[in-house]
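J.: upload_17.cif is reproduced in full below (mmCIF, C-alpha atoms).
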data_data
#
loop_
_atom_site.label_atom_id
_atom_site.label_comp_id
_atom_site.auth_asym_id
_atom_site.auth_seq_id
_atom_site.Cartn_x
_atom_site.Cartn_y
_atom_site.Cartn_z
CA MET A 19 106.05 125.39 121.95
CA ARG A 20 103.24 127.61 120.76
CA GLU A 21 99.82 127.38 122.33
CA PRO A 22 97.63 124.66 120.75
CA GLY A 23 95.39 127.18 118.99
CA HIS A 24 98.23 129.35 117.67
CA ASP A 25 97.85 130.17 113.97
CA ILE A 26 101.01 129.26 112.10
CA ALA A 27 100.51 132.18 109.69
CA THR A 28 102.15 134.61 112.13
CA ASP A 29 105.49 132.77 111.94
CA VAL A 30 105.97 131.98 108.24
CA SER A 31 108.33 134.07 106.15
CA PHE A 32 110.46 133.87 103.05
CA ALA A 33 113.55 134.52 105.19
CA LEU A 34 112.85 131.34 107.14
CA GLU A 35 112.63 129.32 103.93
CA GLU A 36 115.92 130.84 102.76
CA LEU A 37 117.65 129.29 105.78
CA ASP A 38 116.57 125.85 104.61
CA GLU A 39 117.81 126.67 101.13
CA LEU A 40 121.21 127.87 102.39
CA VAL A 41 121.72 124.69 104.40
CA GLY A 42 120.69 122.79 101.29
CA GLU A 43 123.43 124.52 99.31
CA LEU A 44 126.00 123.44 101.90
CA LEU A 45 124.63 119.93 101.65
CA VAL A 46 124.90 119.89 97.86
CA ASP A 47 128.53 120.95 98.15
CA HIS A 48 129.18 118.18 100.67
CA ALA A 49 127.45 115.59 98.48
CA GLU A 50 130.19 116.04 95.86
CA ARG A 51 132.57 114.40 98.36
CA ALA A 52 130.28 112.13 100.39
CA ALA A 53 126.93 111.49 98.73
CA ARG A 54 125.51 109.02 101.26
CA GLU A 55 126.42 111.22 104.23
CA ALA A 56 124.74 114.19 102.58
CA ARG A 57 121.63 112.15 101.85
CA VAL A 58 121.43 111.02 105.49
CA VAL A 59 121.57 114.66 106.64
CA GLY A 60 118.99 115.72 104.06
CA LEU A 61 116.53 113.03 105.15
CA ARG A 62 117.06 113.63 108.85
CA LEU A 63 116.55 117.40 108.60
CA GLY A 64 113.89 117.32 105.90
CA ILE A 65 115.94 119.56 103.63
CA GLY A 66 113.97 121.03 100.78
CA GLY A 67 110.73 121.52 102.67
CA GLN A 68 110.04 117.85 103.35
CA ARG A 69 109.27 116.34 106.73
CA PRO A 70 112.28 115.29 108.80
CA GLU A 71 112.63 111.54 109.19
CA THR A 72 113.49 109.54 112.29
CA LEU A 73 116.96 108.06 112.44
CA THR A 74 115.31 104.63 112.43
CA ARG A 75 113.66 105.34 109.10
CA VAL A 76 116.79 106.97 107.65
CA GLY A 77 118.77 103.88 108.62
CA ALA A 78 116.18 101.57 107.11
CA ARG A 79 116.63 103.25 103.73
CA TYR A 80 120.29 102.22 103.71
CA ASP A 81 120.04 98.98 105.72
CA LEU A 82 121.77 100.65 108.66
CA ALA A 83 121.16 100.44 112.38
CA ARG A 84 119.73 103.58 114.00
CA ASP A 85 122.99 104.29 115.84
CA ARG A 86 124.99 103.93 112.64
CA ALA A 87 122.69 106.41 110.91
CA ARG A 88 123.29 108.82 113.79
CA GLN A 89 127.07 108.36 113.47
CA LEU A 90 126.94 109.17 109.77
CA TYR A 91 124.77 112.19 110.43
CA THR A 92 127.11 113.52 113.15
CA LYS A 93 130.19 112.94 111.01
CA ALA A 94 128.63 114.76 108.06
CA ILE A 95 127.51 117.75 110.14
CA GLY A 96 131.03 118.15 111.52
CA ARG A 97 132.47 118.20 108.03
CA ILE A 98 129.80 120.56 106.71
CA LEU A 99 130.48 123.04 109.51
CA ARG A 100 134.22 122.92 108.85
CA GLU A 101 133.66 123.40 105.13
CA ALA A 102 131.32 126.32 105.77
CA ALA A 103 133.83 127.99 108.09
CA ARG A 104 136.64 127.62 105.55
CA SER A 105 134.56 128.94 102.68
CA ASP A 106 133.73 132.19 104.52
CA HIS A 107 130.55 132.32 102.44
CA ARG A 108 127.90 135.01 102.85
CA ARG A 109 125.62 132.25 104.18
CA ILE A 110 127.36 132.64 107.52
CA ASP A 111 126.30 136.29 107.68
CA VAL A 112 122.64 135.34 107.17
CA PHE A 113 122.68 132.96 110.12
CA ALA A 114 124.72 135.34 112.28
CA HIS A 115 122.14 138.07 111.74
CA ARG A 116 119.24 135.82 112.71
CA TYR A 117 120.92 134.12 115.69
CA PRO A 118 123.46 136.67 116.98
CA THR A 119 126.10 135.37 119.35
CA GLU A 120 125.33 138.20 121.79
CA ALA A 121 121.66 137.20 122.09
CA GLY A 122 120.55 135.61 125.33
CA ASP A 123 119.50 131.99 125.60
CA LEU A 124 115.82 132.87 126.10
CA ARG A 125 115.63 134.91 122.92
CA LEU A 126 117.35 132.21 120.90
CA VAL A 127 115.15 129.45 122.32
CA ARG A 128 111.98 131.42 121.54
CA THR A 129 113.12 132.07 117.98
CA LEU A 130 114.09 128.46 117.36
CA LEU A 131 110.87 127.10 118.88
CA ALA A 132 108.74 129.40 116.71
CA GLU A 133 110.66 128.25 113.63
CA THR A 134 110.25 124.60 114.61
CA TYR A 135 106.48 125.00 114.90
CA ALA A 136 106.17 126.99 111.67
CA THR A 137 108.13 124.43 109.66
CA ASP A 138 106.72 121.27 111.32
CA THR A 139 110.25 120.03 112.11
CA ASP A 140 109.93 118.87 115.74
CA LEU A 141 111.50 115.49 114.95
CA ALA A 142 114.82 117.16 114.19
CA ALA A 143 114.42 120.26 116.36
CA MET A 144 117.61 119.68 118.34
CA GLU A 145 119.68 118.99 115.22
CA TRP A 146 118.25 121.99 113.35
CA SER A 147 118.82 124.29 116.34
CA TYR A 148 122.39 123.17 116.81
CA LEU A 149 123.22 123.53 113.12
CA LYS A 150 121.70 127.00 112.83
CA LEU A 151 123.56 128.25 115.89
CA ARG A 152 126.89 126.80 114.79
CA LEU A 153 126.52 128.37 111.35
CA ALA A 154 125.78 131.67 113.11
CA GLY A 155 129.13 131.50 114.91
CA HIS A 156 128.11 130.11 118.31
CA ASP A 157 130.71 127.80 119.79
CA GLN A 158 129.96 124.12 120.21
CA THR A 159 129.18 124.32 123.93
CA ASP A 160 126.72 127.21 123.61
CA ALA A 161 125.02 125.68 120.58
CA ARG A 162 124.54 122.36 122.35
CA ARG A 163 123.19 124.07 125.46
CA VAL A 164 120.61 126.18 123.61
CA ALA A 165 119.61 123.28 121.35
CA GLY A 166 119.14 121.21 124.48
CA TYR A 167 116.85 123.87 125.94
CA VAL A 168 114.78 123.80 122.75
CA MET A 169 114.38 120.04 123.03
CA GLN A 170 113.53 120.29 126.72
CA ARG A 171 110.72 122.71 125.91
CA ILE A 172 109.35 120.37 123.27
CA LEU A 173 109.53 117.34 125.55
CA GLY A 174 107.93 119.36 128.34
CA TRP A 175 105.07 120.34 126.05
CA GLN A 176 104.59 116.71 125.02
CA LYS A 177 104.49 115.54 128.64
CA LYS A 178 102.09 118.30 129.64
CA THR A 179 99.81 117.54 126.70
CA ALA A 180 99.71 113.82 127.54
CA SER A 181 98.90 114.66 131.16
CA ILE A 182 96.07 117.02 130.20
CA LEU A 183 94.54 114.49 127.83
CA ALA A 184 94.64 111.79 130.50
CA LYS A 185 92.50 113.99 132.76
CA LEU A 186 89.82 114.93 130.23
CA HIS A 187 86.51 113.25 130.93
CA SER A 188 83.74 115.38 129.45
CA PRO A 189 83.05 117.46 126.32
CA GLU A 190 83.13 120.61 128.45
CA ASP A 191 86.86 120.06 129.04
CA VAL A 192 87.83 120.54 125.39
CA VAL A 193 87.33 122.97 122.52
CA ASP A 194 85.75 121.59 119.34
CA ASP A 195 87.56 123.25 116.44
CA LEU A 196 86.66 120.65 113.83
CA ASP A 197 84.65 122.95 111.54
CA THR A 198 87.65 125.25 111.18
CA VAL A 199 89.97 122.34 110.44
CA LEU A 200 87.68 120.75 107.84
CA ALA A 201 87.00 123.97 105.93
CA GLY A 202 88.17 123.49 102.36
CA THR A 203 87.77 119.70 102.28
CA ASP A 204 87.32 118.33 98.76
CA TRP A 205 84.42 115.90 99.11
CA PRO A 206 83.73 113.25 96.42
CA ASP A 207 80.50 111.50 95.56
CA GLY A 208 79.84 107.91 96.56
CA SER A 209 79.98 105.82 99.70
CA PRO A 210 83.21 105.86 101.72
CA ALA A 211 85.35 102.77 102.16
CA PRO A 212 86.01 101.65 105.76
CA LEU A 213 88.89 103.06 107.76
CA PRO A 214 92.05 100.93 107.87
CA THR A 215 92.53 99.18 111.19
CA ALA A 216 96.25 99.92 111.54
CA SER A 217 98.87 102.47 110.58
CA ALA A 218 100.74 101.88 107.32
CA ARG A 219 103.89 103.33 108.87
CA VAL A 220 105.87 100.38 110.20
CA ALA A 221 109.61 101.06 109.81
CA ASP A 222 109.77 103.49 112.72
CA ALA A 223 106.34 103.22 114.34
CA ASP A 224 107.90 102.73 117.79
CA ASP A 225 110.84 105.13 117.38
CA ASP A 226 111.45 106.87 120.69
CA GLY A 227 112.02 110.20 118.95
CA ARG A 228 108.29 110.53 118.25
CA GLY A 229 105.81 112.05 120.68
CA ARG A 230 102.99 109.97 122.15
CA PHE A 231 99.73 110.44 123.99
CA TYR A 232 96.69 108.36 124.81
CA LEU A 233 93.63 109.28 122.77
CA ALA A 234 90.22 108.00 123.80
CA LYS A 235 88.73 107.51 120.33
CA ALA A 236 91.70 105.37 119.29
CA GLY A 237 91.68 103.55 122.63
CA ARG A 238 95.48 103.48 122.70
CA GLU A 239 98.63 105.57 122.61
CA VAL A 240 99.05 107.40 119.33
CA ALA A 241 102.45 108.50 118.00
CA TYR A 242 103.01 111.83 116.26
CA ASP A 243 105.97 113.69 114.78
CA SER A 244 105.18 117.32 115.54
CA ALA A 245 103.07 119.76 117.51
CA LEU A 246 101.06 120.50 114.37
CA VAL A 247 100.13 116.85 113.92
CA ALA A 248 99.43 116.56 117.65
CA ARG A 249 97.12 119.55 117.43
CA LEU A 250 95.18 117.92 114.62
CA LEU A 251 94.89 114.59 116.45
CA ARG A 252 93.70 116.33 119.62
CA THR A 253 91.03 118.17 117.63
CA LEU A 254 89.77 114.92 116.10
CA ASP A 255 89.76 113.16 119.47
CA ALA A 256 87.89 116.02 121.13
CA SER A 257 85.17 116.59 118.55
CA PRO A 258 81.83 114.79 119.02
CA ALA A 259 81.46 114.91 115.21
CA VAL A 260 84.34 112.40 114.81
CA ALA A 261 83.47 108.75 115.33
CA ALA A 262 86.95 107.25 114.82
CA PHE A 263 90.27 107.91 113.16
CA GLN A 264 93.43 106.16 112.03
CA GLU A 265 96.76 107.93 111.91
CA GLU A 266 98.98 107.45 108.84
CA PRO A 267 96.52 105.06 107.19
CA ALA A 268 98.32 104.65 103.85
CA ALA A 269 101.80 104.37 102.35
CA LEU A 270 101.80 106.17 99.00
CA THR A 271 104.76 105.37 96.75
CA TYR A 272 105.88 107.58 93.90
CA ARG A 273 108.93 108.81 92.00
CA PHE A 274 110.08 112.41 92.03
CA ALA A 275 113.28 114.01 90.71
CA GLY A 276 114.72 110.61 89.91
CA GLU A 277 114.18 109.15 93.40
CA ASP A 278 111.64 106.75 94.90
CA HIS A 279 109.59 108.03 97.83
CA VAL A 280 107.14 106.62 100.35
CA TYR A 281 104.65 109.06 101.81
CA HIS A 282 102.22 108.67 104.73
CA PRO A 283 99.27 111.13 104.84
CA SER A 284 98.69 112.20 108.43
CA VAL A 285 95.26 110.82 109.43
CA ALA A 286 91.92 109.52 108.15
CA ALA A 287 88.86 110.39 110.22
CA ARG A 288 85.35 108.91 110.04
CA LEU A 289 82.66 111.43 110.96
CA THR A 290 79.41 110.64 112.73
CA ASP A 291 77.48 111.67 109.60
CA GLY A 292 79.03 108.74 107.71
CA ARG A 293 81.66 110.65 105.72
CA THR A 294 85.39 110.00 105.94
CA VAL A 295 88.16 112.52 105.31
CA LEU A 296 91.87 111.97 104.67
CA ILE A 297 93.86 114.87 106.14
CA ASP A 298 97.51 115.62 105.57
CA VAL A 299 99.50 118.21 107.49
CA VAL A 300 101.62 120.56 105.39
CA PRO A 301 102.79 123.75 107.12
CA LEU A 302 101.42 126.92 105.55
CA GLY A 303 104.78 128.28 104.44
CA ARG A 304 105.53 125.13 102.45
CA ILE A 305 102.25 124.39 100.76
CA MET A 306 103.45 125.83 97.42
CA PHE A 307 106.54 123.63 97.00
CA GLN A 308 106.28 121.30 94.04
CA HIS A 309 107.07 118.18 96.04
CA ASN A 310 104.38 118.98 98.60
CA ARG A 311 101.87 119.81 95.88
CA LEU A 312 102.56 116.44 94.28
CA GLN A 313 101.99 114.71 97.61
CA ALA A 314 98.72 116.63 98.03
CA GLU A 315 97.54 115.35 94.64
CA LEU A 316 98.51 111.80 95.60
CA THR A 317 96.60 112.17 98.85
CA ARG A 318 93.55 113.50 97.00
CA ALA A 319 93.60 110.67 94.44
CA HIS A 320 94.00 108.04 97.16
CA ALA A 321 91.14 109.54 99.17
CA HIS A 322 88.72 109.90 96.26
CA GLU A 323 89.36 106.34 95.11
CA ARG A 324 87.95 105.32 98.49
CA GLY A 325 85.11 107.81 98.54
CA TRP A 326 86.84 109.92 101.19
CA GLY A 327 87.18 113.67 101.34
CA ALA A 328 90.70 115.08 100.95
CA LEU A 329 92.21 117.97 102.86
CA THR A 330 95.63 119.56 103.20
CA TRP A 331 95.69 121.21 106.63
CA THR A 332 98.20 124.04 107.04
CA GLY A 333 98.05 124.75 110.77
CA SER A 334 96.26 127.98 109.93
CA ALA A 335 92.83 129.38 109.15
CA ILE A 336 94.48 130.15 105.81
CA GLY A 337 94.30 127.09 103.59
CA THR A 338 94.79 126.29 99.93
CA GLU A 339 91.56 127.91 98.78
CA GLN A 340 92.15 131.05 100.85
CA LEU A 341 95.57 131.37 99.25
CA ARG A 342 94.19 130.92 95.74
CA THR A 343 91.77 133.81 96.27
CA ARG A 344 94.19 136.00 98.23
CA THR A 345 94.39 139.59 96.99
CA VAL A 346 97.88 140.29 95.63
CA ASP A 347 99.12 143.45 93.93
CA ALA A 348 98.13 143.05 90.27
CA ALA A 349 101.15 144.92 88.92
CA ALA A 350 103.51 142.67 90.87
CA GLU A 351 101.72 139.56 89.62
CA GLN A 352 101.92 140.78 86.02
CA ARG A 353 105.61 141.59 86.36
CA ILE A 354 106.49 138.16 87.75
CA ALA A 355 104.35 136.41 85.13
CA ALA A 356 106.08 138.35 82.35
CA ASP A 357 109.51 137.49 83.76
CA LEU A 358 108.67 133.81 84.12
CA ALA A 359 107.48 133.73 80.51
CA THR A 360 111.13 134.29 79.52
CA GLY A 361 112.71 131.95 82.07
CA PRO A 362 112.69 130.88 85.72
CA TYR A 363 113.80 132.71 88.85
CA ASP A 364 116.48 131.25 91.08
CA ARG A 365 116.66 132.15 94.78
CA LEU A 366 118.61 135.38 94.29
CA ALA A 367 116.27 136.63 91.57
CA LEU A 368 113.24 135.65 93.65
CA THR A 369 114.61 137.41 96.73
CA ALA A 370 115.23 140.52 94.66
CA VAL A 371 111.76 140.65 93.12
CA LEU A 372 110.05 140.11 96.49
CA ALA A 373 112.06 142.98 97.97
CA GLU A 374 111.23 145.26 95.03
CA THR A 375 107.51 144.46 94.96
CA GLY A 376 106.92 144.17 98.72
CA LEU A 377 105.29 140.75 98.38
CA ASP A 378 105.57 138.34 101.30
CA LEU A 379 105.73 134.56 101.41
CA LEU A 380 101.95 134.11 101.49
CA ASP A 381 101.54 136.45 98.52
CA LEU A 382 104.07 134.34 96.65
CA ALA A 383 102.24 131.14 97.64
CA ALA A 384 98.99 132.64 96.36
CA LEU A 385 100.55 133.41 92.98
CA VAL A 386 102.13 129.96 92.68
CA LEU A 387 98.85 128.18 93.39
CA ARG A 388 96.67 130.52 91.36
CA ASN A 389 98.89 130.46 88.26
CA ASP A 390 99.95 126.82 88.65
CA TRP A 391 103.60 127.82 88.67
CA ARG A 392 106.26 125.34 89.70
CA PHE A 393 108.27 126.12 92.86
CA GLU A 394 111.13 123.69 93.37
CA ARG A 395 113.71 123.35 96.12
CA LEU A 396 117.42 122.50 96.06
CA PRO A 397 118.05 124.58 94.19
CA MET A 398 115.21 127.04 94.71
CA ARG A 399 113.60 127.67 91.35
CA LEU A 400 110.29 129.26 90.35
CA SER A 401 109.11 128.61 86.79
CA ALA A 402 105.93 129.17 84.84
CA SER A 403 105.26 125.52 84.10
CA PRO A 404 106.52 122.00 84.85
CA SER A 405 108.28 121.92 81.47
CA PRO A 406 112.10 122.02 81.40
CA ARG A 407 113.42 125.56 81.35
CA PRO A 408 116.72 127.32 80.70
CA ALA A 409 119.14 127.82 83.59
CA PRO A 410 117.75 130.19 86.26
CA ARG A 411 118.47 133.81 85.63
CA ARG A 412 120.18 136.13 88.10
CA PRO A 413 118.79 139.51 89.12
CA ALA A 414 120.15 142.31 86.97
CA ALA A 415 119.59 146.01 86.55
CA SER A 416 117.98 145.40 83.18
CA ARG A 417 115.16 143.50 84.89
CA SER A 418 114.11 146.40 87.08
CA ARG A 419 110.84 148.05 86.17
#
Take the structure in the file and write it out as structure tokens.
T.:
Amino acid sequence: MREPGHDIATDVSFALEELDELVGELLVDHAERAAREARVVGLRLGIGGQRPETLTRVGARYDLARDRARQLYTKAIGRILREAARSDHRRIDVFAHRYPTEAGDLRLVRTLLAETYATDTDLAAMEWSYLKLRLAGHDQTDARRVAGYVMQRILGWQKKTASILAKLHSPEDVVDDLDTVLAGTDWPDGSPAPLPTASARVADADDDGRGRFYLAKAGREVAYDSALVARLLRTLDASPAVAAFQEEPAALTYRFAGEDHVYHPSVAARLTDGRTVLIDVVPLGRIMFQHNRLQAELTRAHAHERGWGALTWTGSAIGTEQLRTRTVDAAAEQRIAADLATGPYDRLALTAVLAETGLDLLDLAALVLRNDWRFERLPMRLSASPSPRPAPRRPAASRSR
């Protein structure tokens, strides 16, 4: 994995998000024949920019044992790969270019690890790696081997981190990065409510797919889903300005796109100055997605009801406020705004306009947040407002400026 202080901003890109979208398209096609299988895959991988879920939690949604959920997932992936191979779709070329069959194992592992960290998908790192490699044309044996190496690296990092933490005894042994993390916190008025005394996440709290380490301030082993979350927890545990914390302190329920969801913000921390802050981890490249923005608003409302500060932490020195004030080419912003006034972009139109204007993913995120545009996934769709819009338009010569 990346070093603990590595800024996620160096690894985010629109191309990386397109991979998620392309897999999502395959999943939508598969759902026409086997809806439950497709849903299991979508939940496990976190398709659409959401967090991957443990097989225990996926199974609980459908009253299935963990092993049965795994069987359904494996069956669906096999069918999706066969369908993709038969369709000979251009999607295969995209994956083949990014993960060429002639590339060595080390190069592939490094690429896949960087993508795992940038997308906060450690829970399903082996499954994601295998699927990407198979779609790129790697045979089953090679894909399993490289995906296994990716998982070994992650498990090795987890073991090393737990060992280091067990040996820390004094403030001089750690780096206090709390001020950087808390920059951009939205603080309310009023006295904060007490911290919960237990995690609200119960369905898969002891799932063996999650990482674990002992943290002194908690006085126990704490589970985490990704290196980004682990990095945040380590920072809170190390800082003398943090008195206590509780991971996943709330279960927020809501309805989105016709489905019910349960969401667990990452951690609540009580500071030595008496304030409390609720922090949720959303990787920088995915902070603009409508679903994640909705969850951020839910987190903020929940926090402020309790007199807590609210923060979405991106794994980067670049946060929500830095994106909102990011300098973006004015002509490009005006062009996109004018286009969106007549109808939304789909993925192909969005890819085309980014190529023509030279904007990158963070520029796009800045425009989405600043203009309060709506960026949806599955299918990818950028529109000027949450109101229903006509079908997404395709790029055409008449749209060129």
J.: Measuring atom to atom with all atoms listed in the file, identify which of A:Ala201, A:Ala234, A:Ile297, A:Ala241 is nearest to A:Ala184.
T.: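 The shortest atom-to-atom distance to A:Ala184 comes from A:Ala234.
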J.: Grab the atom CA of A:Gly303 to atom CA of A:Ala114 distance for me, in Å with one decimal place.
T.: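 Spanning atom CA of A:Gly303 to atom CA of A:Ala114 is a straight-line distance of 22.6 Å.
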J.: Closest to A:Gln264 among A:Ile354, A:Val285, A:Val127, A:Leu45, using all atoms listed in the file?
T.: A:Val285
J.: Extract, using only C-alpha atoms, all DNA, RNA and protein residues at most 7 Å from stretch 139-153 of chain A, discarding same-chain residues fewer than 4 positions from it, and format them as a PDB file with C-alpha atoms, in the frame of the given file.
T.:
ATOM      1  CA  ARG A  62     117.060 113.630 108.850  1.00  0.00           C
ATOM      2  CA  LEU A  63     116.550 117.400 108.600  1.00  0.00           C
ATOM      3  CA  ARG A  69     109.270 116.340 106.730  1.00  0.00           C
ATOM      4  CA  PRO A  70     112.280 115.290 108.800  1.00  0.00           C
ATOM      5  CA  THR A  72     113.490 109.540 112.290  1.00  0.00           C
ATOM      6  CA  LEU A  99     130.480 123.040 109.510  1.00  0.00           C
ATOM      7  CA  ILE A 110     127.360 132.640 107.520  1.00  0.00           C
ATOM      8  CA  PHE A 113     122.680 132.960 110.120  1.00  0.00           C
ATOM      9  CA  TYR A 117     120.920 134.120 115.690  1.00  0.00           C
ATOM     10  CA  LEU A 130     114.090 128.460 117.360  1.00  0.00           C
ATOM     11  CA  THR A 134     110.250 124.600 114.610  1.00  0.00           C
ATOM     12  CA  TYR A 135     106.480 125.000 114.900  1.00  0.00           C
ATOM     13  CA  ASP A 157     130.710 127.800 119.790  1.00  0.00           C
ATOM     14  CA  GLN A 158     129.960 124.120 120.210  1.00  0.00           C
ATOM     15  CA  ALA A 161     125.020 125.680 120.580  1.00  0.00           C
ATOM     16  CA  ARG A 162     124.540 122.360 122.350  1.00  0.00           C
ATOM     17  CA  ALA A 165     119.610 123.280 121.350  1.00  0.00           C
ATOM     18  CA  GLY A 166     119.140 121.210 124.480  1.00  0.00           C
ATOM     19  CA  VAL A 168     114.780 123.800 122.750  1.00  0.00           C
ATOM     20  CA  MET A 169     114.380 120.040 123.030  1.00  0.00           C
ATOM     21  CA  GLY A 227     112.020 110.200 118.950  1.00  0.00           C
ATOM     22  CA  ARG A 228     108.290 110.530 118.250  1.00  0.00           C
ATOM     23  CA  ASP A 243     105.970 113.690 114.780  1.00  0.00           C
ATOM     24  CA  SER A 244     105.180 117.320 115.540  1.00  0.00           C
TER      25      SER A 244
END
J.: Taking (84.5, 121.2, 109.1) in the file's coordinates, which residues come within 12 Å, counting only C-alpha atoms, written as a list in words?
T.: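 Collected hits near the coordinates: Asp194, Asp195, Leu196, Asp197, Thr198, Val199, Leu200, Ala201, Gly202, Thr203, Asp204, Trp205, Thr253, Leu254, Ser257, Ala259, Val260, Ala287, Leu289, Asp291, Arg293, Thr294, Val295, Ile297, Gly327, Ala328, Leu329, Trp331 and Ala335 of chain A.
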J.: Tell me which protein, DNA and RNA residues are within 9 Å of A:Val58, counting only C-alpha atoms, leaving out same-chain ones fewer than 3 positions away, and put them as a ChimeraX atom specification.
T.: /A:53-55,61-63,73,76-77,87-88,90-91,94
J.: Record the distance separating atom CA of A:Glu374 and atom CA of A:Val41, expressed in Å with one decimal.
T.: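 Separation of atom CA of A:Glu374 and atom CA of A:Val41: 24.9 Å.
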J.: Using the chain letters and numbers from the file, which residues does the PyMOL selection byres ((chain A and resi 284) around 9) grab, as a list in words?
T.: Tyr242, Val247, Gln264, Glu265, Glu266, Pro267, Ala268, His282, Pro283, Val285, Ala286, Leu296, Ile297, Asp298 and Val299 of chain A
J.: Once you have the residues from the selection above, write them out as a PDB file, in the frame of the given file, restricted to C-alpha atoms.
T.:
ATOM      1  CA  TYR A 242     103.010 111.830 116.260  1.00  0.00           C
ATOM      2  CA  VAL A 247     100.130 116.850 113.920  1.00  0.00           C
ATOM      3  CA  GLN A 264      93.430 106.160 112.030  1.00  0.00           C
ATOM      4  CA  GLU A 265      96.760 107.930 111.910  1.00  0.00           C
ATOM      5  CA  GLU A 266      98.980 107.450 108.840  1.00  0.00           C
ATOM      6  CA  PRO A 267      96.520 105.060 107.190  1.00  0.00           C
ATOM      7  CA  ALA A 268      98.320 104.650 103.850  1.00  0.00           C
ATOM      8  CA  HIS A 282     102.220 108.670 104.730  1.00  0.00           C
ATOM      9  CA  PRO A 283      99.270 111.130 104.840  1.00  0.00           C
ATOM     10  CA  VAL A 285      95.260 110.820 109.430  1.00  0.00           C
ATOM     11  CA  ALA A 286      91.920 109.520 108.150  1.00  0.00           C
ATOM     12  CA  LEU A 296      91.870 111.970 104.670  1.00  0.00           C
ATOM     13  CA  ILE A 297      93.860 114.870 106.140  1.00  0.00           C
ATOM     14  CA  ASP A 298      97.510 115.620 105.570  1.00  0.00           C
ATOM     15  CA  VAL A 299      99.500 118.210 107.490  1.00  0.00           C
TER      16      VAL A 299
END
J.: Using the chain letters and numbers from the file, which residues does the PyMOL selection byres ((chain A and resi 100) around 12) grab, as JSON, numbers by chain?
T.: {"A": [44, 48, 93, 94, 95, 96, 97, 98, 99, 101, 102, 103, 104, 105, 106, 107, 110, 149, 152, 153, 155]}
J.: Distance atom CA of A:Ala321-atom CA of A:Pro212, one decimal place?
T.: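 Separating atom CA of A:Ala321 from atom CA of A:Pro212 is a distance of 11.5 Å.
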